[in-house]
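A quick write-up on the structure given underneath.
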Protein chains: 2
Amino acid sequence: MSKISIAIHGGAGTILRKDLTPEKEAAYLAALNDALTAGYAVLEKGGSSLDAVEKAVNSLENTPLFNAGKGSVFTEKGTHEMDASIMEGKTKMAGAVSLITGIKNPVSLARLVMEKSEHVFMAGAGALEFAKLHHCPTEAPEYFYDDFRHKQWLEVKGSDTFQLDHASTKDKKFGTVGAVAIDINGNIAAATSTGGMTNKKFGRVGDSPMIGAGTYANNETCGISCTGSGEFFIRGVVAYDVSCLMEYKGLSLQEACDTVVKDRLLKIGGDGGLIGVDKLGNLAFSFNTEGMYRGKKTSKETYVGIYV
Amino acid sequence: MSKISIAIHGGAGTILRKDLTPEKEAAYLAALNDALTAGYAVLEKGGSSLDAVEKAVNSLENTPLFNAGKGSVFTEKGTHEMDASIMEGKTKMAGAVSLITGIKNPVSLARLVMEKSEHVFMAGAGALEFAKLHHCPTEAPEYFYDDFRHKQWLEVKGSDTFQLDHASTKDKKFGTVGAVAIDINGNIAAATSTGGMTNKKFGRVGDSPMIGAGTYANNETCGISCTGSGEFFIRGVVAYDVSCLMEYKGLSLQEACDTVVKDRLLKIGGDGGLIGVDKLGNLAFSFNTEGMYRGKKTSKETYVGIYV
């Protein structure tokens with residue numbers, strides 16, 4: 001029997017205590033706690049890490065507080081284009097979707113791609129055809145509407161400005177959500193979901209749906225979910241880099257995470273963070289920004305945090 | 001001054017001598033030679049490896065013999081959806097496009113994404129908007145029409161069958177194209193381009209546009225371009241895995257390529273191959289299939305081959 005544990009994130013970036021009211025801060029911490037509780041409950045009942053990370057990410061997708069699912073930011077065209085991926089570490093099966101609209105829980109569609117198709121990655125209208133075929137729950141555009149997000153979009157609409165989910169002081173609450181877990185059978189899973197960037201155009205795809213960049217899981221090494229400046233995470237193949245540092249160089253999970261986030265990623269100019277779990281159930285956070293919405297839960301400890 | 005060299009591929013799979021007429025074989029070898037010559041000419045004049053791999057891939061995209069650009073296979077809807085990516089190893093900048101139609105040279109659009117946007121990866125209609133803005137050359141659907149490809153599609157049209165580009169005896173000539181090179185300044189580049197799978201649906205994205213899976217370049221380690229069963233290459237993060245084995249375990253280019261293709265990839269059921277270049281200008285081929293269209297050129301040697 002393996003030690004069970006789970007970690008989650010709700011995005012990294014310029015998140016300063018002075019910018020969050022006590023009420024807002026409490027709302028974020030409560031939402032992180034809810035997601036942790038939902039995921040951990042699965043593990044406690046002997047469920048799979050795959051179910052646990054899906055449930056935790058669903059919980060984060062269902063609140064407007066984070067940039068994923070319901071809380072997704074607006075694209076240049078005033079729509080919501082979401083990306084997600086999921087991977088499990090025993091068979092290294094994976095699923096991913098990109099540029100999808102109207103799907104309530106993108107990470108659950110990514111799981112359908114993994115389990116109900118011979119493919120790993122589907123995008124755009126084709127992915128939505130697949131979703132329809134498998135009766136994946138949808139929501140009307142109003143579901144994804146949020147006043148604050150809409151105002152932020154109106155400020156940059158018509159300009160070439162897009163808001164990265166990590167570094168804008170205006171959009172500091174925007175980001176990505178993710179979870180990593182290990183279950184009683186020693187199986188590791190990881191999942192990531194995002195609404196991308198405010199005023200996004202050109203069908204931009206970030207790292208969140210990219211296996212190896214935003215998400216990776218391998219029972220022999222680790223499960224990783226990333227958040228940050230997606231382009232740099234793609235170029236750094238960040239999630240898999242952590243796994244390789246453990247497998248090929250023998251680094252511990254925390255050492256590998258810190259090497260990637262605080263050294264290799266910074267060298268190419270990338271900022272953000274990640275969460276990880278290893279085969280012993282150890283959990284790690286690592287970020288090079290001023291904050292990361294995050295939480296972790298084991299049989300001994302429950303923690304949620306925002307700032308450095 | 002570095003030693004210059006270039007390698008190319010036109011797909012791997014069940015390619016048997018008995019299945020190719022002498023005329024067909026000669027046509028393939030000539031097309032491979034043309035692409036090698038186009039790429040090597042750039043290097044010989046002191047040009048960049050980025051230009052060399054783009055020119056070599058353009059040459060392969062412009063012949064109907066390979067499944068990329070003009071020779072792209074038909075999707076379920078009778079269209080052509082192409083993917084491509086390019087990366088250069090000095091700054092680790094990268095560009096990628098997926099699910100694009102009507103673009104004459106997808107790899108050149110990937111380069112535009114790299115050089116003219118702040119993004120790495122664009123897909124679908126959005127990527128085509130970007131292409132239009134930058135006057136990327138297009139072609140009418142007739143340009144991409146090929147009798148043989150059309151017949152193959154008609155055989156499976158309306159069914160759930162899709163033809164992987166690597167393993168079907170019917171579609172054995174289909175695949176992916178790619179190039180890797182190092183220039184006189186020691187800069188490494190890699191590029192990959194594909195038309196995907198015959199009868200492809202659901203907006204399937206393979207490994208070719210995925211940095212780290214189908215394409216990777218890093219001046220400190222290697223440049224890699226892959227071809228094969230894309231889903232397995234994504235799950236194995238194959239191109240970056242070669243780089244990590246060199247950087248973290250000290251393997252040579254050929255050892256790293258063989259470890260990934262003949263051991264790690266086979267363990268998860270993946271077949272295909274890859275080409276590589278290292279910082280000393282060494283070139284490597286590795287494939288676990290019965291053949292791979294391939295070629296390499298240095299100041300000392302020119303080689304083109306098809307079978308094991």
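Residue names in the structure tokens use chain letters A, B, ... in the order shown, residue numbers from 1 in each chain, and ligand numbers from 1 in the order shown.
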> Contacts of stretch 106-114 of chain A at 8 Å or less, counting only C-alpha atoms, minus same-chain residues fewer than 2 places along, as a PyMOL selection string?
Replying inline: chain A and resi 54+57-58+69+82-86+93-97+100+103-104+116-122+131+134+136+191-193
How would the residues just chosen look if you wrote them out with N, CA, C and O atoms as a CSV table (one decimal), in the first residue's frame?
chain,number,residue,atom,x,y,z
A,54,GLU,N,-8.8,14.4,-11.6
A,54,GLU,CA,-9.9,14.9,-12.4
A,54,GLU,C,-10.9,15.6,-11.5
A,54,GLU,O,-11.3,16.8,-11.8
A,57,VAL,N,-9.5,19.0,-10.3
A,57,VAL,CA,-9.4,20.0,-11.3
A,57,VAL,C,-10.9,20.4,-11.7
A,57,VAL,O,-11.1,21.6,-11.9
A,58,ASN,N,-11.8,19.5,-11.7
A,58,ASN,CA,-13.2,19.8,-11.9
A,58,ASN,C,-13.7,20.9,-10.9
A,58,ASN,O,-14.3,21.9,-11.3
A,69,GLY,N,-12.2,26.4,-17.2
A,69,GLY,CA,-13.6,26.1,-17.1
A,69,GLY,C,-14.5,27.4,-17.0
A,69,GLY,O,-14.3,28.3,-17.8
A,82,MET,N,-10.6,26.9,-24.4
A,82,MET,CA,-10.0,26.3,-23.3
A,82,MET,C,-9.1,25.1,-23.7
A,82,MET,O,-9.3,24.5,-24.8
A,83,ASP,N,-8.1,24.9,-22.9
A,83,ASP,CA,-7.1,23.8,-23.1
A,83,ASP,C,-7.0,22.9,-21.9
A,83,ASP,O,-7.1,23.4,-20.8
A,84,ALA,N,-6.8,21.6,-22.0
A,84,ALA,CA,-6.6,20.8,-20.9
A,84,ALA,C,-5.8,19.5,-21.2
A,84,ALA,O,-5.8,19.1,-22.4
A,85,SER,N,-5.2,18.9,-20.3
A,85,SER,CA,-4.6,17.6,-20.5
A,85,SER,C,-4.6,16.8,-19.2
A,85,SER,O,-4.7,17.3,-18.1
A,86,ILE,N,-4.4,15.5,-19.4
A,86,ILE,CA,-4.4,14.5,-18.2
A,86,ILE,C,-3.5,13.4,-18.6
A,86,ILE,O,-3.4,13.0,-19.8
A,93,MET,N,-0.5,6.5,-20.5
A,93,MET,CA,-1.6,7.0,-21.4
A,93,MET,C,-1.9,8.5,-21.1
A,93,MET,O,-1.7,8.9,-19.9
A,94,ALA,N,-2.3,9.2,-22.1
A,94,ALA,CA,-2.5,10.6,-21.9
A,94,ALA,C,-3.6,11.1,-22.8
A,94,ALA,O,-3.9,10.5,-23.9
A,95,GLY,N,-4.3,12.2,-22.5
A,95,GLY,CA,-5.3,12.8,-23.3
A,95,GLY,C,-5.2,14.3,-23.2
A,95,GLY,O,-4.8,14.8,-22.1
A,96,ALA,N,-5.5,15.0,-24.3
A,96,ALA,CA,-5.4,16.5,-24.3
A,96,ALA,C,-6.3,17.1,-25.3
A,96,ALA,O,-6.6,16.5,-26.3
A,97,VAL,N,-6.8,18.3,-25.0
A,97,VAL,CA,-7.7,19.0,-25.9
A,97,VAL,C,-7.3,20.5,-25.9
A,97,VAL,O,-6.7,21.0,-24.9
A,100,ILE,N,-11.1,24.5,-27.3
A,100,ILE,CA,-12.4,24.1,-27.2
A,100,ILE,C,-13.3,25.1,-26.5
A,100,ILE,O,-12.9,25.8,-25.6
A,103,ILE,N,-17.4,23.6,-23.4
A,103,ILE,CA,-17.3,22.3,-22.6
A,103,ILE,C,-17.2,22.7,-21.1
A,103,ILE,O,-16.3,23.5,-20.7
A,104,LYS,N,-18.1,22.2,-20.3
A,104,LYS,CA,-18.1,22.5,-18.8
A,104,LYS,C,-16.7,22.2,-18.2
A,104,LYS,O,-16.1,23.0,-17.5
A,116,LYS,N,-11.3,6.9,-24.7
A,116,LYS,CA,-12.3,6.5,-25.7
A,116,LYS,C,-11.8,6.7,-27.1
A,116,LYS,O,-12.6,6.7,-28.1
A,117,SER,N,-10.5,7.1,-27.3
A,117,SER,CA,-10.0,7.2,-28.7
A,117,SER,C,-8.6,6.6,-28.7
A,117,SER,O,-8.0,6.3,-27.7
A,118,GLU,N,-8.1,6.5,-29.9
A,118,GLU,CA,-6.8,6.0,-30.1
A,118,GLU,C,-5.8,7.2,-30.1
A,118,GLU,O,-4.6,7.0,-30.4
A,119,HIS,N,-6.3,8.4,-29.9
A,119,HIS,CA,-5.5,9.6,-30.0
A,119,HIS,C,-5.1,10.1,-28.6
A,119,HIS,O,-5.7,9.7,-27.6
A,120,VAL,N,-4.2,11.0,-28.6
A,120,VAL,CA,-3.8,11.7,-27.4
A,120,VAL,C,-4.3,13.1,-27.4
A,120,VAL,O,-4.8,13.6,-26.4
A,121,PHE,N,-4.3,13.8,-28.6
A,121,PHE,CA,-4.5,15.2,-28.6
A,121,PHE,C,-5.6,15.5,-29.7
A,121,PHE,O,-5.4,15.2,-30.9
A,122,MET,N,-6.6,16.2,-29.3
A,122,MET,CA,-7.6,16.7,-30.3
A,122,MET,C,-7.8,18.2,-30.1
A,122,MET,O,-7.8,18.7,-29.0
A,131,ALA,N,-16.5,15.4,-28.5
A,131,ALA,CA,-17.2,15.6,-27.2
A,131,ALA,C,-18.7,15.3,-27.4
A,131,ALA,O,-19.2,14.7,-26.5
A,134,HIS,N,-19.6,11.7,-27.4
A,134,HIS,CA,-19.5,11.1,-26.1
A,134,HIS,C,-20.3,11.8,-25.0
A,134,HIS,O,-20.0,11.6,-23.8
A,136,CYS,N,-20.3,14.7,-23.8
A,136,CYS,CA,-19.6,15.5,-22.8
A,136,CYS,C,-20.4,16.7,-22.4
A,136,CYS,O,-20.7,17.5,-23.3
A,191,ALA,N,-2.9,16.4,-14.0
A,191,ALA,CA,-3.9,17.1,-14.9
A,191,ALA,C,-3.7,18.6,-14.8
A,191,ALA,O,-3.4,19.1,-13.8
A,192,THR,N,-4.0,19.2,-16.0
A,192,THR,CA,-3.9,20.7,-16.1
A,192,THR,C,-5.1,21.2,-16.9
A,192,THR,O,-5.5,20.5,-17.9
A,193,SER,N,-5.6,22.4,-16.6
A,193,SER,CA,-6.7,23.0,-17.4
A,193,SER,C,-6.6,24.5,-17.4
A,193,SER,O,-6.2,25.1,-16.3
Which polymer residues have any atom within 10 Å of an atom of A:Ala179, counting only C-alpha atoms, with same-chain residues fewer than 4 positions away left out, as a short mmCIF file (atom, residue, chain, number, x, y, z; two decimals) with all heavy atoms, in the first residue's frame?
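Output below, filename result_20.cif:
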data_model
loop_
_atom_site.label_atom_id
_atom_site.label_comp_id
_atom_site.auth_asym_id
_atom_site.auth_seq_id
_atom_site.Cartn_x
_atom_site.Cartn_y
_atom_site.Cartn_z
N ILE A 6 -1.96 14.39 -2.49
CA ILE A 6 -2.42 15.20 -3.62
C ILE A 6 -1.93 16.64 -3.46
O ILE A 6 -1.80 17.14 -2.34
CB ILE A 6 -3.97 15.15 -3.74
CG1 ILE A 6 -4.44 15.89 -5.00
CG2 ILE A 6 -4.64 15.72 -2.48
CD1 ILE A 6 -5.91 15.63 -5.35
N ALA A 7 -1.62 17.27 -4.60
CA ALA A 7 -1.30 18.70 -4.58
C ALA A 7 -2.06 19.36 -5.73
O ALA A 7 -2.34 18.71 -6.75
CB ALA A 7 0.21 18.93 -4.73
N ILE A 8 -2.40 20.63 -5.53
CA ILE A 8 -3.13 21.37 -6.57
C ILE A 8 -2.53 22.76 -6.75
O ILE A 8 -1.81 23.26 -5.88
CB ILE A 8 -4.63 21.53 -6.21
CG1 ILE A 8 -4.79 22.27 -4.88
CG2 ILE A 8 -5.32 20.17 -6.15
CD1 ILE A 8 -6.20 22.72 -4.58
N HIS A 9 -2.81 23.37 -7.90
CA HIS A 9 -2.47 24.79 -8.05
C HIS A 9 -3.59 25.49 -8.81
O HIS A 9 -4.38 24.85 -9.51
CB HIS A 9 -1.13 24.99 -8.76
CG HIS A 9 -1.15 24.63 -10.22
ND1 HIS A 9 -1.67 25.47 -11.18
CD2 HIS A 9 -0.74 23.53 -10.88
CE1 HIS A 9 -1.56 24.90 -12.37
NE2 HIS A 9 -1.01 23.70 -12.22
N GLY A 10 -3.63 26.83 -8.62
CA GLY A 10 -4.63 27.64 -9.31
C GLY A 10 -3.98 28.78 -10.06
O GLY A 10 -4.60 29.81 -10.29
N ALA A 35 -11.23 21.95 -3.51
CA ALA A 35 -10.64 21.10 -4.55
C ALA A 35 -9.78 20.00 -3.93
O ALA A 35 -9.83 18.83 -4.34
CB ALA A 35 -9.82 21.94 -5.52
N LEU A 36 -8.99 20.38 -2.93
CA LEU A 36 -8.14 19.40 -2.24
C LEU A 36 -8.99 18.31 -1.60
O LEU A 36 -8.69 17.11 -1.70
CB LEU A 36 -7.37 20.08 -1.10
CG LEU A 36 -5.97 20.61 -1.35
CD1 LEU A 36 -5.41 21.12 -0.03
CD2 LEU A 36 -5.06 19.54 -1.94
N GLY A 39 -10.49 15.91 -4.19
CA GLY A 39 -9.50 14.98 -4.72
C GLY A 39 -9.06 13.96 -3.68
O GLY A 39 -8.96 12.76 -3.95
N SER A 49 -5.69 7.69 -8.62
CA SER A 49 -5.15 9.06 -8.70
C SER A 49 -5.73 9.78 -9.92
O SER A 49 -5.88 11.00 -9.92
CB SER A 49 -3.62 9.02 -8.77
OG SER A 49 -3.19 8.21 -9.84
N LEU A 50 -6.08 9.01 -10.96
CA LEU A 50 -6.67 9.61 -12.15
C LEU A 50 -8.01 10.25 -11.80
O LEU A 50 -8.29 11.40 -12.17
CB LEU A 50 -6.86 8.52 -13.21
CG LEU A 50 -7.03 8.97 -14.65
CD1 LEU A 50 -5.82 9.75 -15.13
CD2 LEU A 50 -7.26 7.77 -15.56
N ALA A 52 -8.87 11.17 -8.82
CA ALA A 52 -8.60 12.23 -7.84
C ALA A 52 -8.20 13.55 -8.51
O ALA A 52 -8.72 14.61 -8.17
CB ALA A 52 -7.52 11.79 -6.86
N VAL A 53 -7.28 13.46 -9.49
CA VAL A 53 -6.86 14.71 -10.14
C VAL A 53 -7.98 15.28 -11.00
O VAL A 53 -8.16 16.50 -11.09
CB VAL A 53 -5.55 14.57 -10.96
CG1 VAL A 53 -4.38 14.20 -10.05
CG2 VAL A 53 -5.68 13.59 -12.12
N GLU A 54 -8.78 14.40 -11.61
CA GLU A 54 -9.91 14.91 -12.40
C GLU A 54 -10.90 15.64 -11.50
O GLU A 54 -11.33 16.76 -11.81
CB GLU A 54 -10.61 13.76 -13.15
CG GLU A 54 -11.74 14.27 -14.05
CD GLU A 54 -12.56 13.15 -14.69
OE1 GLU A 54 -12.32 11.97 -14.37
OE2 GLU A 54 -13.46 13.48 -15.49
N LYS A 55 -11.24 15.03 -10.37
CA LYS A 55 -12.20 15.65 -9.45
C LYS A 55 -11.67 16.98 -8.90
O LYS A 55 -12.42 17.96 -8.79
CB LYS A 55 -12.52 14.71 -8.29
CG LYS A 55 -13.41 13.53 -8.64
CD LYS A 55 -14.86 13.95 -8.86
CE LYS A 55 -15.68 12.81 -9.45
NZ LYS A 55 -15.27 12.49 -10.86
N ALA A 56 -10.41 17.00 -8.53
CA ALA A 56 -9.83 18.24 -7.99
C ALA A 56 -9.84 19.34 -9.05
O ALA A 56 -10.21 20.49 -8.77
CB ALA A 56 -8.40 17.97 -7.50
N VAL A 57 -9.46 18.99 -10.28
CA VAL A 57 -9.44 19.99 -11.34
C VAL A 57 -10.86 20.42 -11.70
O VAL A 57 -11.13 21.60 -11.91
CB VAL A 57 -8.66 19.48 -12.58
CG1 VAL A 57 -8.86 20.40 -13.78
CG2 VAL A 57 -7.17 19.38 -12.24
N LEU A 60 -11.89 23.09 -9.38
CA LEU A 60 -11.26 24.38 -9.72
C LEU A 60 -11.85 24.96 -11.01
O LEU A 60 -11.95 26.18 -11.17
CB LEU A 60 -9.74 24.21 -9.86
CG LEU A 60 -9.02 23.78 -8.57
CD1 LEU A 60 -7.62 23.27 -8.86
CD2 LEU A 60 -8.98 24.94 -7.56
N ILE A 86 -4.41 15.46 -19.39
CA ILE A 86 -4.36 14.55 -18.25
C ILE A 86 -3.47 13.36 -18.62
O ILE A 86 -3.40 12.99 -19.79
CB ILE A 86 -5.80 14.09 -17.88
CG1 ILE A 86 -5.85 13.38 -16.52
CG2 ILE A 86 -6.41 13.22 -18.98
CD1 ILE A 86 -7.29 13.24 -15.97
N ALA A 189 -0.87 10.35 -11.17
CA ALA A 189 -1.58 11.02 -12.26
C ALA A 189 -1.38 12.53 -12.16
O ALA A 189 -1.08 13.05 -11.08
CB ALA A 189 -3.07 10.69 -12.23
N ALA A 190 -1.54 13.20 -13.29
CA ALA A 190 -1.41 14.67 -13.32
C ALA A 190 -2.41 15.22 -14.31
O ALA A 190 -2.73 14.57 -15.32
CB ALA A 190 0.01 15.06 -13.74
N ALA A 191 -2.92 16.43 -14.02
CA ALA A 191 -3.88 17.07 -14.92
C ALA A 191 -3.75 18.58 -14.85
O ALA A 191 -3.38 19.13 -13.80
CB ALA A 191 -5.30 16.67 -14.54
N THR A 192 -4.04 19.24 -15.97
CA THR A 192 -3.93 20.69 -16.07
C THR A 192 -5.08 21.20 -16.92
O THR A 192 -5.50 20.53 -17.87
CB THR A 192 -2.58 21.08 -16.74
OG1 THR A 192 -1.52 20.39 -16.06
CG2 THR A 192 -2.33 22.57 -16.67
N SER A 193 -5.60 22.40 -16.60
CA SER A 193 -6.71 22.97 -17.37
C SER A 193 -6.58 24.48 -17.36
O SER A 193 -6.19 25.07 -16.35
CB SER A 193 -8.04 22.54 -16.73
OG SER A 193 -9.15 23.03 -17.46
N THR A 215 2.05 19.09 -18.55
CA THR A 215 1.58 17.94 -17.77
C THR A 215 2.44 16.72 -18.07
O THR A 215 2.80 16.48 -19.23
CB THR A 215 0.12 17.60 -18.18
OG1 THR A 215 -0.70 18.76 -18.00
CG2 THR A 215 -0.45 16.45 -17.34
N GLY A 223 4.68 12.99 -11.03
CA GLY A 223 3.57 13.62 -11.74
C GLY A 223 3.74 15.11 -11.60
O GLY A 223 4.06 15.60 -10.50
N ILE A 224 3.57 15.84 -12.70
CA ILE A 224 3.85 17.29 -12.71
C ILE A 224 2.71 18.04 -13.41
O ILE A 224 2.23 17.60 -14.46
CB ILE A 224 5.17 17.60 -13.47
CG1 ILE A 224 6.37 16.88 -12.83
CG2 ILE A 224 5.41 19.11 -13.59
CD1 ILE A 224 6.78 17.41 -11.47
N SER A 225 2.29 19.18 -12.85
CA SER A 225 1.39 20.10 -13.54
C SER A 225 1.95 21.51 -13.42
O SER A 225 2.33 21.95 -12.34
CB SER A 225 -0.02 20.05 -12.95
OG SER A 225 -0.82 21.09 -13.49
N CYS A 226 2.01 22.21 -14.56
CA CYS A 226 2.67 23.51 -14.61
C CYS A 226 1.70 24.67 -14.78
O CYS A 226 0.58 24.50 -15.25
CB CYS A 226 3.65 23.56 -15.79
SG CYS A 226 4.94 22.32 -15.71
N LEU A 274 5.22 25.16 -10.71
CA LEU A 274 4.67 23.82 -10.93
C LEU A 274 4.46 23.11 -9.60
O LEU A 274 4.98 23.53 -8.55
CB LEU A 274 5.57 23.02 -11.86
CG LEU A 274 7.06 22.90 -11.52
CD1 LEU A 274 7.32 21.88 -10.42
CD2 LEU A 274 7.83 22.48 -12.77
N ILE A 275 3.69 22.03 -9.66
CA ILE A 275 3.50 21.17 -8.51
C ILE A 275 3.90 19.76 -8.92
O ILE A 275 3.82 19.40 -10.09
CB ILE A 275 2.03 21.16 -8.02
CG1 ILE A 275 1.07 20.77 -9.15
CG2 ILE A 275 1.64 22.53 -7.46
CD1 ILE A 275 -0.37 20.59 -8.72
N GLY A 276 4.37 18.97 -7.95
CA GLY A 276 4.82 17.63 -8.27
C GLY A 276 4.56 16.63 -7.15
O GLY A 276 4.42 17.01 -5.98
N VAL A 277 4.47 15.37 -7.56
CA VAL A 277 4.37 14.27 -6.60
C VAL A 277 5.34 13.18 -7.06
O VAL A 277 5.54 13.00 -8.26
CB VAL A 277 2.93 13.71 -6.54
CG1 VAL A 277 2.49 13.10 -7.87
CG2 VAL A 277 2.77 12.67 -5.43
N ARG A 294 -2.04 27.51 -4.25
CA ARG A 294 -1.61 26.12 -4.15
C ARG A 294 -2.14 25.43 -2.90
O ARG A 294 -2.55 26.09 -1.94
CB ARG A 294 -0.08 26.06 -4.16
CG ARG A 294 0.57 26.77 -3.00
CD ARG A 294 2.04 27.06 -3.27
NE ARG A 294 2.73 27.65 -2.12
CZ ARG A 294 2.73 28.95 -1.83
NH1 ARG A 294 2.06 29.82 -2.55
NH2 ARG A 294 3.40 29.40 -0.77
N GLY A 295 -2.11 24.13 -2.92
CA GLY A 295 -2.54 23.37 -1.76
C GLY A 295 -2.01 21.95 -1.84
O GLY A 295 -1.66 21.46 -2.91
N LYS A 296 -1.92 21.29 -0.68
CA LYS A 296 -1.51 19.89 -0.66
C LYS A 296 -2.16 19.19 0.52
O LYS A 296 -2.47 19.82 1.54
CB LYS A 296 0.02 19.76 -0.60
CG LYS A 296 0.68 20.37 0.61
CD LYS A 296 2.19 20.12 0.56
CE LYS A 296 2.91 20.87 1.69
NZ LYS A 296 4.34 20.57 1.75
#
Once you count only C-alpha atoms, which residues of chain A turn out to be within 10 Å of chain B? Could you give them as a JSON list (two decimals) with C-alpha atoms, in the first residue's frame?
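Result saved to iface00.json:
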[["chain", "number", "residue", "atom", "x", "y", "z"],
["A", 87, "MET", "CA", -1.85, 11.70, -17.93],
["A", 91, "THR", "CA", 0.70, 2.97, -18.67],
["A", 92, "LYS", "CA", 1.73, 6.52, -19.58],
["A", 93, "MET", "CA", -1.57, 6.98, -21.36],
["A", 94, "ALA", "CA", -2.54, 10.61, -21.92],
["A", 95, "GLY", "CA", -5.29, 12.81, -23.31],
["A", 96, "ALA", "CA", -5.37, 16.47, -24.29],
["A", 97, "VAL", "CA", -7.70, 19.02, -25.88],
["A", 98, "SER", "CA", -7.10, 22.53, -27.15],
["A", 99, "LEU", "CA", -9.15, 25.49, -28.41],
["A", 113, "VAL", "CA", -9.81, 11.44, -25.46],
["A", 117, "SER", "CA", -10.02, 7.20, -28.65],
["A", 118, "GLU", "CA", -6.76, 6.00, -30.09],
["A", 119, "HIS", "CA", -5.48, 9.55, -30.02],
["A", 120, "VAL", "CA", -3.78, 11.70, -27.42],
["A", 121, "PHE", "CA", -4.54, 15.21, -28.63],
["A", 122, "MET", "CA", -7.60, 16.73, -30.31],
["A", 123, "ALA", "CA", -8.21, 20.40, -31.06],
["A", 124, "GLY", "CA", -10.90, 22.83, -32.15],
["A", 125, "ALA", "CA", -14.12, 21.88, -33.93],
["A", 126, "GLY", "CA", -12.95, 18.27, -34.34],
["A", 127, "ALA", "CA", -12.50, 17.91, -30.60],
["A", 128, "LEU", "CA", -16.01, 19.28, -30.09],
["A", 129, "GLU", "CA", -17.42, 16.68, -32.53],
["A", 130, "PHE", "CA", -15.75, 14.02, -30.42],
["A", 131, "ALA", "CA", -17.16, 15.61, -27.24],
["A", 200, "LYS", "CA", -5.85, 35.63, -27.08],
["A", 201, "LYS", "CA", -5.86, 35.32, -30.85],
["A", 202, "PHE", "CA", -4.51, 33.28, -33.77],
["A", 203, "GLY", "CA", -5.53, 29.99, -32.19],
["A", 204, "ARG", "CA", -2.63, 30.22, -29.77],
["A", 205, "VAL", "CA", -1.93, 26.96, -27.96],
["A", 206, "GLY", "CA", -0.04, 27.12, -24.67],
["A", 207, "ASP", "CA", 1.71, 24.45, -22.64],
["A", 210, "MET", "CA", 1.00, 19.64, -24.18],
["A", 211, "ILE", "CA", 2.11, 16.37, -22.63],
["A", 212, "GLY", "CA", 5.72, 16.85, -21.53],
["A", 213, "ALA", "CA", 5.42, 20.63, -21.29],
["A", 216, "TYR", "CA", 3.46, 14.68, -17.27],
["A", 217, "ALA", "CA", 3.07, 11.50, -15.20],
["A", 230, "GLY", "CA", 3.28, 28.89, -21.59],
["A", 231, "GLU", "CA", 5.62, 29.57, -24.48],
["A", 232, "PHE", "CA", 8.66, 29.15, -22.24],
["A", 234, "ILE", "CA", 6.88, 24.52, -24.17],
["A", 235, "ARG", "CA", 10.43, 25.45, -25.21],
["A", 236, "GLY", "CA", 11.77, 24.08, -21.93],
["A", 237, "VAL", "CA", 9.65, 20.89, -22.10],
["A", 238, "VAL", "CA", 9.30, 21.64, -18.41],
["A", 240, "TYR", "CA", 9.21, 16.09, -18.64],
["A", 241, "ASP", "CA", 12.45, 17.85, -17.75],
["A", 244, "CYS", "CA", 14.35, 13.31, -16.64],
["A", 245, "LEU", "CA", 16.36, 15.02, -13.91],
["A", 246, "MET", "CA", 14.99, 12.45, -11.46],
["A", 247, "GLU", "CA", 15.38, 9.43, -13.74],
["A", 248, "TYR", "CA", 18.69, 10.23, -15.41],
["A", 249, "LYS", "CA", 20.47, 12.31, -12.74],
["A", 250, "GLY", "CA", 18.97, 10.89, -9.58],
["A", 268, "ILE", "CA", 15.29, 31.28, -21.16]]
>> Need the shell around B:Asp278: protein/DNA/RNA residues with any atom at most 8 Å away, counting only C-alpha atoms. Skip same-chain ones fewer than 4 positions apart. Format as a list of chain:residue names?
In response: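 Result of the neighbour search: B:Ile182, B:Ile188, B:Asn219, B:Thr221, B:Cys222, B:Gly223, B:Leu253, B:Asn282, B:Leu283.
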Selection to disk with N, CA, C and O atoms, as a compact mmCIF listing (two decimals), in the first residue's frame:
# COMPACT_ATOMS: atom_id res chain seq x y z
N ILE B 182 23.43 21.35 -38.65
CA ILE B 182 24.29 22.25 -37.86
C ILE B 182 25.05 23.11 -38.86
O ILE B 182 25.49 22.63 -39.92
N ILE B 188 22.44 24.61 -34.17
CA ILE B 188 21.66 23.43 -34.55
C ILE B 188 20.21 23.85 -34.79
O ILE B 188 19.68 24.72 -34.10
N ASN B 219 21.66 23.68 -28.89
CA ASN B 219 23.07 23.70 -29.31
C ASN B 219 23.98 22.87 -28.40
O ASN B 219 25.06 22.44 -28.82
N THR B 221 23.23 20.00 -27.02
CA THR B 221 23.01 18.55 -27.12
C THR B 221 22.79 18.11 -28.57
O THR B 221 23.69 17.57 -29.20
N CYS B 222 21.61 18.36 -29.11
CA CYS B 222 21.27 17.80 -30.41
C CYS B 222 20.09 18.50 -31.07
O CYS B 222 19.40 19.30 -30.46
N GLY B 223 19.88 18.14 -32.34
CA GLY B 223 18.66 18.50 -33.06
C GLY B 223 18.01 17.20 -33.49
O GLY B 223 18.70 16.29 -33.96
N LEU B 253 25.14 10.79 -29.27
CA LEU B 253 23.92 10.98 -30.06
C LEU B 253 23.32 9.64 -30.50
O LEU B 253 22.13 9.39 -30.31
N ASN B 282 28.05 15.28 -35.89
CA ASN B 282 27.70 13.87 -36.12
C ASN B 282 26.21 13.74 -36.44
O ASN B 282 25.39 14.47 -35.89
N LEU B 283 25.91 12.79 -37.32
CA LEU B 283 24.52 12.55 -37.70
C LEU B 283 24.11 11.15 -37.27
O LEU B 283 24.94 10.24 -37.22
>> Write out as number ranges by chain the set of residues from stretch 102-150 of chain B that DSSP, computed on the backbone, places in helix (DSSP H, G or I).
In response: B: 106-116, 124-133, 141-144, 147-150
